[in-house]
>>> print(open('entry25.pdb').read())   # PDB, C-alpha atoms
ATOM      1  CA  MET A   1     130.023  84.234 135.324
ATOM      2  CA  THR A   2     127.985  86.715 133.287
ATOM      3  CA  ASP A   3     124.567  88.036 134.223
ATOM      4  CA  THR A   4     123.113  86.072 131.316
ATOM      5  CA  HIS A   5     124.667  82.852 132.650
ATOM      6  CA  LYS A   6     123.144  83.616 136.059
ATOM      7  CA  GLN A   7     119.790  84.195 134.374
ATOM      8  CA  ILE A   8     120.083  80.819 132.600
ATOM      9  CA  GLU A   9     120.954  79.080 135.877
ATOM     10  CA  GLU A  10     117.959  80.649 137.611
ATOM     11  CA  ILE A  11     115.588  79.547 134.847
ATOM     12  CA  ILE A  12     116.934  75.975 134.930
ATOM     13  CA  LYS A  13     116.910  75.840 138.737
ATOM     14  CA  ASN A  14     113.364  77.224 139.090
ATOM     15  CA  ASN A  15     111.647  75.029 136.475
ATOM     16  CA  GLU A  16     111.473  71.256 136.337
ATOM     17  CA  VAL A  17     111.526  71.111 132.530
ATOM     18  CA  VAL A  18     113.006  73.898 130.409
ATOM     19  CA  LEU A  19     113.293  74.118 126.651
ATOM     20  CA  PHE A  20     115.502  76.813 125.151
ATOM     21  CA  LEU A  21     114.241  77.125 121.590
ATOM     22  CA  LYS A  22     113.872  79.339 118.569
ATOM     23  CA  GLY A  23     110.423  80.831 119.061
ATOM     24  CA  THR A  24     107.899  79.779 121.679
ATOM     25  CA  ALA A  25     106.040  76.589 122.505
ATOM     26  CA  ASP A  26     103.011  78.005 120.667
ATOM     27  CA  THR A  27     104.975  79.218 117.655
ATOM     28  CA  PRO A  28     108.331  77.439 117.214
ATOM     29  CA  MET A  29     110.480  79.155 114.584
ATOM     30  CA  CYS A  30     112.356  76.096 113.319
ATOM     31  CA  GLY A  31     111.615  72.457 112.652
ATOM     32  CA  PHE A  32     114.012  71.202 115.312
ATOM     33  CA  SER A  33     112.397  73.315 118.033
ATOM     34  CA  SER A  34     108.962  72.267 116.791
ATOM     35  CA  THR A  35     109.889  68.581 117.014
ATOM     36  CA  VAL A  36     110.934  68.824 120.677
ATOM     37  CA  VAL A  37     107.811  70.859 121.537
ATOM     38  CA  GLN A  38     105.656  68.170 119.867
ATOM     39  CA  ILE A  39     107.383  65.389 121.825
ATOM     40  CA  LEU A  40     106.888  67.154 125.161
ATOM     41  CA  ASN A  41     103.267  67.926 124.279
ATOM     42  CA  GLN A  42     102.678  64.316 123.201
ATOM     43  CA  LEU A  43     103.943  63.182 126.624
ATOM     44  CA  LYS A  44     101.826  65.900 128.302
ATOM     45  CA  ILE A  45     104.900  67.300 130.072
ATOM     46  CA  PRO A  46     104.508  70.937 131.120
ATOM     47  CA  PHE A  47     107.639  72.947 130.412
ATOM     48  CA  LYS A  48     109.069  76.443 130.524
ATOM     49  CA  ASP A  49     109.827  77.684 127.022
ATOM     50  CA  VAL A  50     112.590  80.248 126.585
ATOM     51  CA  ASN A  51     112.750  82.029 123.236
ATOM     52  CA  ILE A  52     116.442  82.562 122.492
ATOM     53  CA  MET A  53     115.613  84.681 119.435
ATOM     54  CA  ILE A  54     114.627  87.729 121.497
ATOM     55  CA  ASP A  55     118.096  88.230 122.966
ATOM     56  CA  PRO A  56     121.346  87.720 121.009
ATOM     57  CA  PHE A  57     123.312  87.525 124.278
ATOM     58  CA  LEU A  58     121.059  84.721 125.521
ATOM     59  CA  ARG A  59     121.330  82.927 122.173
ATOM     60  CA  GLN A  60     125.121  82.743 122.501
ATOM     61  CA  ALA A  61     125.187  82.334 126.289
ATOM     62  CA  ILE A  62     123.090  79.152 126.290
ATOM     63  CA  LYS A  63     125.482  77.598 123.781
ATOM     64  CA  ASP A  64     128.442  78.603 125.948
ATOM     65  CA  TYR A  65     126.683  77.464 129.131
ATOM     66  CA  THR A  66     126.368  73.876 127.915
ATOM     67  CA  ASN A  67     129.197  73.876 125.410
ATOM     68  CA  TRP A  68     126.544  72.641 122.966
ATOM     69  CA  PRO A  69     126.401  74.387 119.573
ATOM     70  CA  THR A  70     122.757  73.934 118.621
ATOM     71  CA  ILE A  71     119.260  74.964 119.651
ATOM     72  CA  PRO A  72     116.871  73.651 120.963
ATOM     73  CA  GLN A  73     118.274  72.545 124.318
ATOM     74  CA  LEU A  74     116.210  70.540 126.807
ATOM     75  CA  TYR A  75     116.799  70.470 130.568
ATOM     76  CA  ILE A  76     115.003  68.149 132.972
ATOM     77  CA  LYS A  77     115.330  68.934 136.680
ATOM     78  CA  GLY A  78     118.554  70.834 136.112
ATOM     79  CA  GLU A  79     120.128  68.187 133.865
ATOM     80  CA  PHE A  80     120.983  68.984 130.240
ATOM     81  CA  VAL A  81     119.383  66.262 128.133
ATOM     82  CA  GLY A  82     120.314  67.347 124.620
ATOM     83  CA  GLY A  83     119.042  68.812 121.391
ATOM     84  CA  CYS A  84     116.472  67.697 118.862
ATOM     85  CA  ASP A  85     118.218  64.574 117.525
ATOM     86  CA  ILE A  86     119.023  63.251 121.010
ATOM     87  CA  VAL A  87     115.543  64.001 122.380
ATOM     88  CA  ARG A  88     113.885  62.416 119.320
ATOM     89  CA  GLU A  89     116.036  59.292 119.608
ATOM     90  CA  MET A  90     115.429  59.039 123.368
ATOM     91  CA  TYR A  91     111.677  59.419 122.785
ATOM     92  CA  GLN A  92     111.614  56.770 120.061
ATOM     93  CA  ASN A  93     113.492  54.179 122.144
ATOM     94  CA  GLY A  94     111.705  54.983 125.421
ATOM     95  CA  GLU A  95     114.703  56.508 127.225
ATOM     96  CA  LEU A  96     113.052  59.928 127.508
ATOM     97  CA  GLN A  97     109.923  58.438 129.075
ATOM     98  CA  ALA A  98     112.113  56.425 131.480
ATOM     99  CA  LEU A  99     114.054  59.560 132.454
ATOM    100  CA  LEU A 100     110.835  61.494 133.039
ATOM    101  CA  LYS A 101     109.478  58.651 135.190
ATOM    102  CA  GLN A 102     112.745  58.492 137.153
ATOM    103  CA  LYS A 103     112.499  62.254 137.755
ATOM    104  CA  GLN A 104     108.855  61.732 138.809
ATOM    105  CA  LEU A 105     107.517  63.916 136.002
ATOM    106  CA  LEU A 106     105.689  61.142 134.141
ATOM    107  CA  SER A 107     103.491  58.585 135.815
ATOM    108  CA  ALA A 108     104.168  54.906 135.221
TER     109      ALA A 108
END
>>> encode(input="entry25.pdb", output="structure tokens")
Amino acid sequence: MTDTHKQIEEIIKNNEVVLFLKGTADTPMCGFSSTVVQILNQLKIPFKDVNIMIDPFLRQAIKDYTNWPTIPQLYIKGEFVGGCDIVREMYQNGELQALLKQKQLLSA
């Protein structure tokens, strides 16, 4: 395991909700990242944002870590949830809210 993979594991382990994205929560650098940030903000879910654009090793390592080719990537309590399309679909059909409630991150 590389140092970057260890760094990723530490971030995921030490934060209940983590979003690896292009840019930051305040200034997303792509529409997909912006969409996931907006969903989390709409649900009032605090999250750790990790800008993958500042480190090319991190940008590739997160894709290798999950075997998922795209960014953003959302993790909830250590579990990889998915990228923009999956998160948007889960939000629209209520699955994301149900998952957050199950993980005790969203009140009923």
>>> closest_residue(input="entry25.pdb", among="A:Asn67, A:Asn14, A:Ala61, A:Leu19", to="Leu40 (chain A)", atoms="all atoms listed in the file")
A:Leu19
>>> residues_near_point(input="entry25.pdb", point="(122.4, 73.2, 119.3)", cutoff="9 Å", atoms="all atoms listed in the file", output="NGL selection string")
:A and (63 or 68-73 or 82-84)
>>> atom_distance(input="entry25.pdb", atom1="CA of Phe47 (chain A)", atom2="CA of Val17 (chain A)")
4.8 Å
>>> resolve_selection(input="entry25.pdb", expression="the PyMOL selection byres ((chain A and resi 86) around 12)", output="list in words")
Phe32, Thr35, Val36, Ile39, Thr70, Ile71, Pro72, Gln73, Leu74, Phe80, Val81, Gly82, Gly83, Cys84, Asp85, Val87, Arg88, Glu89, Met90, Tyr91, Gln92, Asn93, Gly94, Glu95 and Leu96 of chain A
>>> closest_residue(input="entry25.pdb", among="A:Phe57, A:Ser107, A:Ile76, A:Tyr65", to="Val18 (chain A)", atoms="all atoms listed in the file")
A:Ile76
>>> closest_residue(input="entry25.pdb", among="A:Asp64, A:Glu79, A:Glu10, A:Asp55", to="Lys22 (chain A)", atoms="all atoms listed in the file")
A:Asp55
>>> atom_distance(input="entry25.pdb", atom1="CA of Ile45 (chain A)", atom2="CA of Asp3 (chain A)")
28.9 Å
>>> atom_distance(input="entry25.pdb", atom1="CA of Leu106 (chain A)", atom2="CA of Tyr75 (chain A)")
14.9 Å
>>> closest_residue(input="entry25.pdb", among="A:Thr4, A:Gln60, A:Gln42, A:Asn51", to="Gly23 (chain A)", atoms="all atoms listed in the file")
A:Asn51
>>> closest_residue(input="entry25.pdb", among="A:Ala25, A:Ile62, A:Cys30, A:Ala98", to="Pro46 (chain A)", atoms="all atoms listed in the file")
A:Ala25
>>> axis_aligned_box(input="entry25.pdb", around="region 16-23 of chain A", padding_each_side="5 Å", output="JSON")
{"center_x": 113.0, "center_y": 76.0, "center_z": 127.5, "size_x": 15.1, "size_y": 19.7, "size_z": 27.8}
>>> closest_residue(input="entry25.pdb", among="A:His5, A:Lys103, A:Arg59, A:Lys44", to="Phe20 (chain A)", atoms="only C-alpha atoms")
A:Arg59
